[in-house]
file start_11.tsv (TSV, C-alpha atoms)
chain	number	residue	atom	x	y	z
L	1	MET	CA	271.88	69.90	164.28
L	2	PHE	CA	272.12	67.50	167.15
L	3	THR	CA	271.89	67.34	170.92
L	4	CYS	CA	273.50	64.91	173.33
L	5	ASP	CA	273.94	64.47	177.05
L	6	ILE	CA	277.49	65.00	178.30
L	7	ASP	CA	278.55	63.84	181.76
L	8	VAL	CA	280.73	66.52	183.33
L	9	ASP	CA	283.04	65.41	186.14
L	10	GLY	CA	281.76	66.79	189.45
L	11	PHE	CA	278.57	68.10	187.83
L	12	ASP	CA	275.36	66.67	186.45
L	13	ALA	CA	275.02	65.73	182.80
L	14	LEU	CA	274.32	68.61	180.43
L	15	ASN	CA	272.30	68.39	177.25
L	16	ILE	CA	274.36	70.24	174.65
L	17	HIS	CA	273.59	71.36	171.10
L	18	TYR	CA	276.04	71.04	168.23
L	19	VAL	CA	276.24	71.11	164.46
L	20	HIS	CA	278.30	68.44	162.66
L	21	LYS	CA	279.19	68.78	158.98
L	22	LYS	CA	281.31	65.90	157.76
L	23	ARG	CA	283.25	65.85	154.49
L	24	GLU	CA	283.36	62.68	152.43
L	25	THR	CA	287.15	63.00	152.16
L	26	VAL	CA	288.92	60.30	154.16
L	27	ASP	CA	291.81	62.50	155.28
L	28	ALA	CA	289.70	65.53	156.32
L	29	ILE	CA	290.86	67.31	159.47
L	30	PRO	CA	288.32	67.50	162.32
L	31	LEU	CA	287.78	71.12	163.40
L	32	LEU	CA	286.09	71.98	166.69
L	33	PHE	CA	284.65	75.45	166.15
L	34	CYS	CA	284.09	77.22	169.48
L	35	ARG	CA	282.49	80.60	169.31
L	36	GLY	CA	282.06	83.20	172.00
L	37	TRP	CA	279.31	85.17	173.59
L	38	PRO	CA	277.20	86.96	172.37
L	39	GLY	CA	277.61	84.99	169.13
L	40	SER	CA	275.52	82.08	167.96
L	41	PHE	CA	276.06	78.91	165.99
L	42	CYS	CA	273.96	80.68	163.31
L	43	GLU	CA	276.99	82.84	162.48
L	44	VAL	CA	279.01	79.72	161.70
L	45	MET	CA	276.21	78.33	159.54
L	46	LYS	CA	276.93	81.13	157.05
L	47	ILE	CA	280.54	80.01	156.54
L	48	LEU	CA	280.04	76.26	157.03
L	49	PRO	CA	279.76	75.58	153.27
L	50	LEU	CA	283.08	77.37	152.75
L	51	LEU	CA	284.80	75.44	155.53
L	52	THR	CA	283.68	72.07	154.20
L	53	ALA	CA	283.94	72.72	150.44
L	54	PHE	CA	286.65	71.07	148.36
L	55	ALA	CA	289.36	73.54	147.37
L	56	PRO	CA	292.55	72.28	145.67
L	57	GLY	CA	295.62	73.06	147.77
L	58	TYR	CA	293.66	73.53	150.99
L	59	PRO	CA	292.84	70.97	153.68
L	60	SER	CA	289.40	69.36	153.84
L	61	LEU	CA	287.59	69.79	157.15
L	62	HIS	CA	285.00	67.97	159.21
L	63	VAL	CA	283.42	70.76	161.28
L	64	VAL	CA	281.79	70.49	164.71
L	65	VAL	CA	280.23	73.69	166.12
L	66	LEU	CA	279.22	73.73	169.78
L	67	SER	CA	276.66	76.00	171.37
L	68	LEU	CA	277.64	77.37	174.77
L	69	PRO	CA	275.92	75.67	177.72
L	70	GLY	CA	273.74	78.04	179.70
L	71	TYR	CA	273.17	80.59	176.94
L	72	GLY	CA	270.01	81.10	174.94
L	73	PHE	CA	267.70	78.10	175.27
L	74	LEU	CA	270.47	75.68	176.25
L	75	GLU	CA	270.63	73.83	179.51
L	76	ALA	CA	272.79	75.55	182.13
L	77	PRO	CA	274.93	73.90	184.80
L	78	ARG	CA	272.89	73.53	187.98
L	79	LYS	CA	275.88	73.72	190.30
L	80	ALA	CA	278.22	76.66	191.00
L	81	GLY	CA	281.85	76.45	189.91
L	82	PHE	CA	281.39	75.45	186.27
L	83	GLY	CA	284.46	77.00	184.64
L	84	VAL	CA	286.98	76.74	181.82
L	85	ASN	CA	287.98	73.15	182.61
L	86	GLN	CA	284.36	72.02	182.49
L	87	TYR	CA	283.77	73.87	179.19
L	88	ALA	CA	286.83	72.09	177.78
L	89	GLU	CA	285.40	68.76	178.92
L	90	VAL	CA	282.01	69.58	177.34
L	91	ALA	CA	283.80	70.37	174.07
L	92	HIS	CA	286.17	67.39	174.10
L	93	LYS	CA	283.75	64.59	174.93
L	94	PRO	CA	281.48	64.96	171.86
L	95	MET	CA	284.58	64.96	169.63
L	96	ILE	CA	285.60	61.60	171.09
L	97	VAL	CA	282.07	60.22	170.67
L	98	LEU	CA	282.12	61.37	167.02
L	99	GLY	CA	285.36	59.38	166.53
L	100	TYR	CA	287.80	62.29	166.52
L	101	ASN	CA	290.69	61.33	168.81
L	102	LYS	CA	292.79	64.12	167.29
L	103	TYR	CA	291.39	67.44	166.12
L	104	VAL	CA	292.15	71.13	165.81
L	105	THR	CA	290.20	73.93	167.42
L	106	GLN	CA	289.20	77.46	166.55
L	107	GLY	CA	287.84	79.91	169.07
L	108	THR	CA	286.34	83.38	169.04
L	109	ASP	CA	285.20	85.93	171.54
call {"tool": "encode", "arguments": {"input": "start_11.tsv", "output": "structure tokens"}}
result
Amino acid sequence: MFTCDIDVDGFDALNIHYVHKKRETVDAIPLLFCRGWPGSFCEVMKILPLLTAFAPGYPSLHVVVLSLPGYGFLEAPRKAGFGVNQYAEVAHKPMIVLGYNKYVTQGTD
């Protein structure tokens, strides 16, 4: 589990929490796992071994799971107007920092 500060355009930086499980396979597909409220990253921890395990005939995945800013113990935006575009920015920027210029996403709610 990691945290990092993400600068959000028009807002202050937010300290976000994420889990990063990287496969040793060179051609693994980066997956940004976005979960909804009232869920928790703990739910994803149960299936993380399955998502990153080697299985012949199935793609290998690097998995990044973000926690939602402003929920639980996580830092919340301090300015009104933080919406879908800002959440997308908060999700995209760590992927770039982790070296994933192309990735797939999964979302729940």
call {"tool": "residues_around", "arguments": {"input": "start_11.tsv", "residues": "Ile47 of chain L", "least_positions_apart": "4", "cutoff": "12 Å", "atoms": "all atoms listed in the file", "output": "count of residues only"}}
result
10
call {"tool": "residues_near_point", "arguments": {"input": "start_11.tsv", "point": "(274.6, 78.4, 181.4)", "cutoff": "12 Å", "atoms": "all atoms listed in the file", "output": "list in words"}}
result
Leu14, Asn15, Ile16, Trp37, Ser67, Leu68, Pro69, Gly70, Tyr71, Gly72, Phe73, Leu74, Glu75, Ala76, Pro77, Arg78, Lys79, Ala80, Gly81, Phe82, Gly83, Gln86 and Tyr87 of chain L
call {"tool": "closest_residue", "arguments": {"input": "start_11.tsv", "among": "L:Val19, L:Ala55, L:Cys34, L:Val104", "to": "Val90 of chain L", "atoms": "only C-alpha atoms"}}
result
L:Cys34
call {"tool": "residues_near_point", "arguments": {"input": "start_11.tsv", "point": "(288.1, 64.9, 154.0)", "cutoff": "9 Å", "atoms": "only C-alpha atoms", "output": "mmCIF file with C-alpha atoms, keeping the file's coordinate frame"}}
result
data_model
loop_
_atom_site.group_PDB
_atom_site.id
_atom_site.type_symbol
_atom_site.label_atom_id
_atom_site.label_comp_id
_atom_site.auth_asym_id
_atom_site.auth_seq_id
_atom_site.Cartn_x
_atom_site.Cartn_y
_atom_site.Cartn_z
ATOM 1 C CA LYS L 22 281.310 65.900 157.760
ATOM 2 C CA ARG L 23 283.250 65.850 154.490
ATOM 3 C CA GLU L 24 283.360 62.680 152.430
ATOM 4 C CA THR L 25 287.150 63.000 152.160
ATOM 5 C CA VAL L 26 288.920 60.300 154.160
ATOM 6 C CA ASP L 27 291.810 62.500 155.280
ATOM 7 C CA ALA L 28 289.700 65.530 156.320
ATOM 8 C CA ILE L 29 290.860 67.310 159.470
ATOM 9 C CA PRO L 30 288.320 67.500 162.320
ATOM 10 C CA THR L 52 283.680 72.070 154.200
ATOM 11 C CA PHE L 54 286.650 71.070 148.360
ATOM 12 C CA PRO L 59 292.840 70.970 153.680
ATOM 13 C CA SER L 60 289.400 69.360 153.840
ATOM 14 C CA LEU L 61 287.590 69.790 157.150
ATOM 15 C CA HIS L 62 285.000 67.970 159.210
#
call {"tool": "closest_residue", "arguments": {"input": "start_11.tsv", "among": "L:Leu32, L:Leu50, L:Met45, L:Val84", "to": "Leu98 of chain L", "atoms": "only C-alpha atoms"}}
result
L:Leu32
call {"tool": "atom_distance", "arguments": {"input": "start_11.tsv", "atom1": "atom CA of Val64 of chain L", "atom2": "atom CA of Phe11 of chain L"}}
result
23.5 Å
call {"tool": "atom_distance", "arguments": {"input": "start_11.tsv", "atom1": "atom CA of Gly39 of chain L", "atom2": "atom CA of Thr108 of chain L"}}
result
8.9 Å
call {"tool": "atom_distance", "arguments": {"input": "start_11.tsv", "atom1": "atom CA of Leu31 of chain L", "atom2": "atom CA of Gly10 of chain L"}}
result
27.1 Å
call {"tool": "residues_around", "arguments": {"input": "start_11.tsv", "residues": "Lys93 of chain L", "least_positions_apart": "5", "cutoff": "9 Å", "atoms": "only C-alpha atoms", "output": "ChimeraX atom specification"}}
result
/L:6-7,88,98
call {"tool": "closest_residue", "arguments": {"input": "start_11.tsv", "among": "L:Gly36, L:Tyr58, L:Thr105, L:Met1", "to": "His92 of chain L", "atoms": "only C-alpha atoms"}}
result
L:Thr105
call {"tool": "closest_residue", "arguments": {"input": "start_11.tsv", "among": "L:Val44, L:Phe2, L:Ala13, L:His20", "to": "Glu89 of chain L", "atoms": "only C-alpha atoms"}}
result
L:Ala13
call {"tool": "axis_aligned_box", "arguments": {"input": "start_11.tsv", "around": "segment 68-75 of chain L", "padding_each_side": "4 Å", "output": "AutoDock Vina command-line options"}}
result
--center_x 272.7 --center_y 77.5 --center_z 177.2 --size_x 17.9 --size_y 15.3 --size_z 12.9
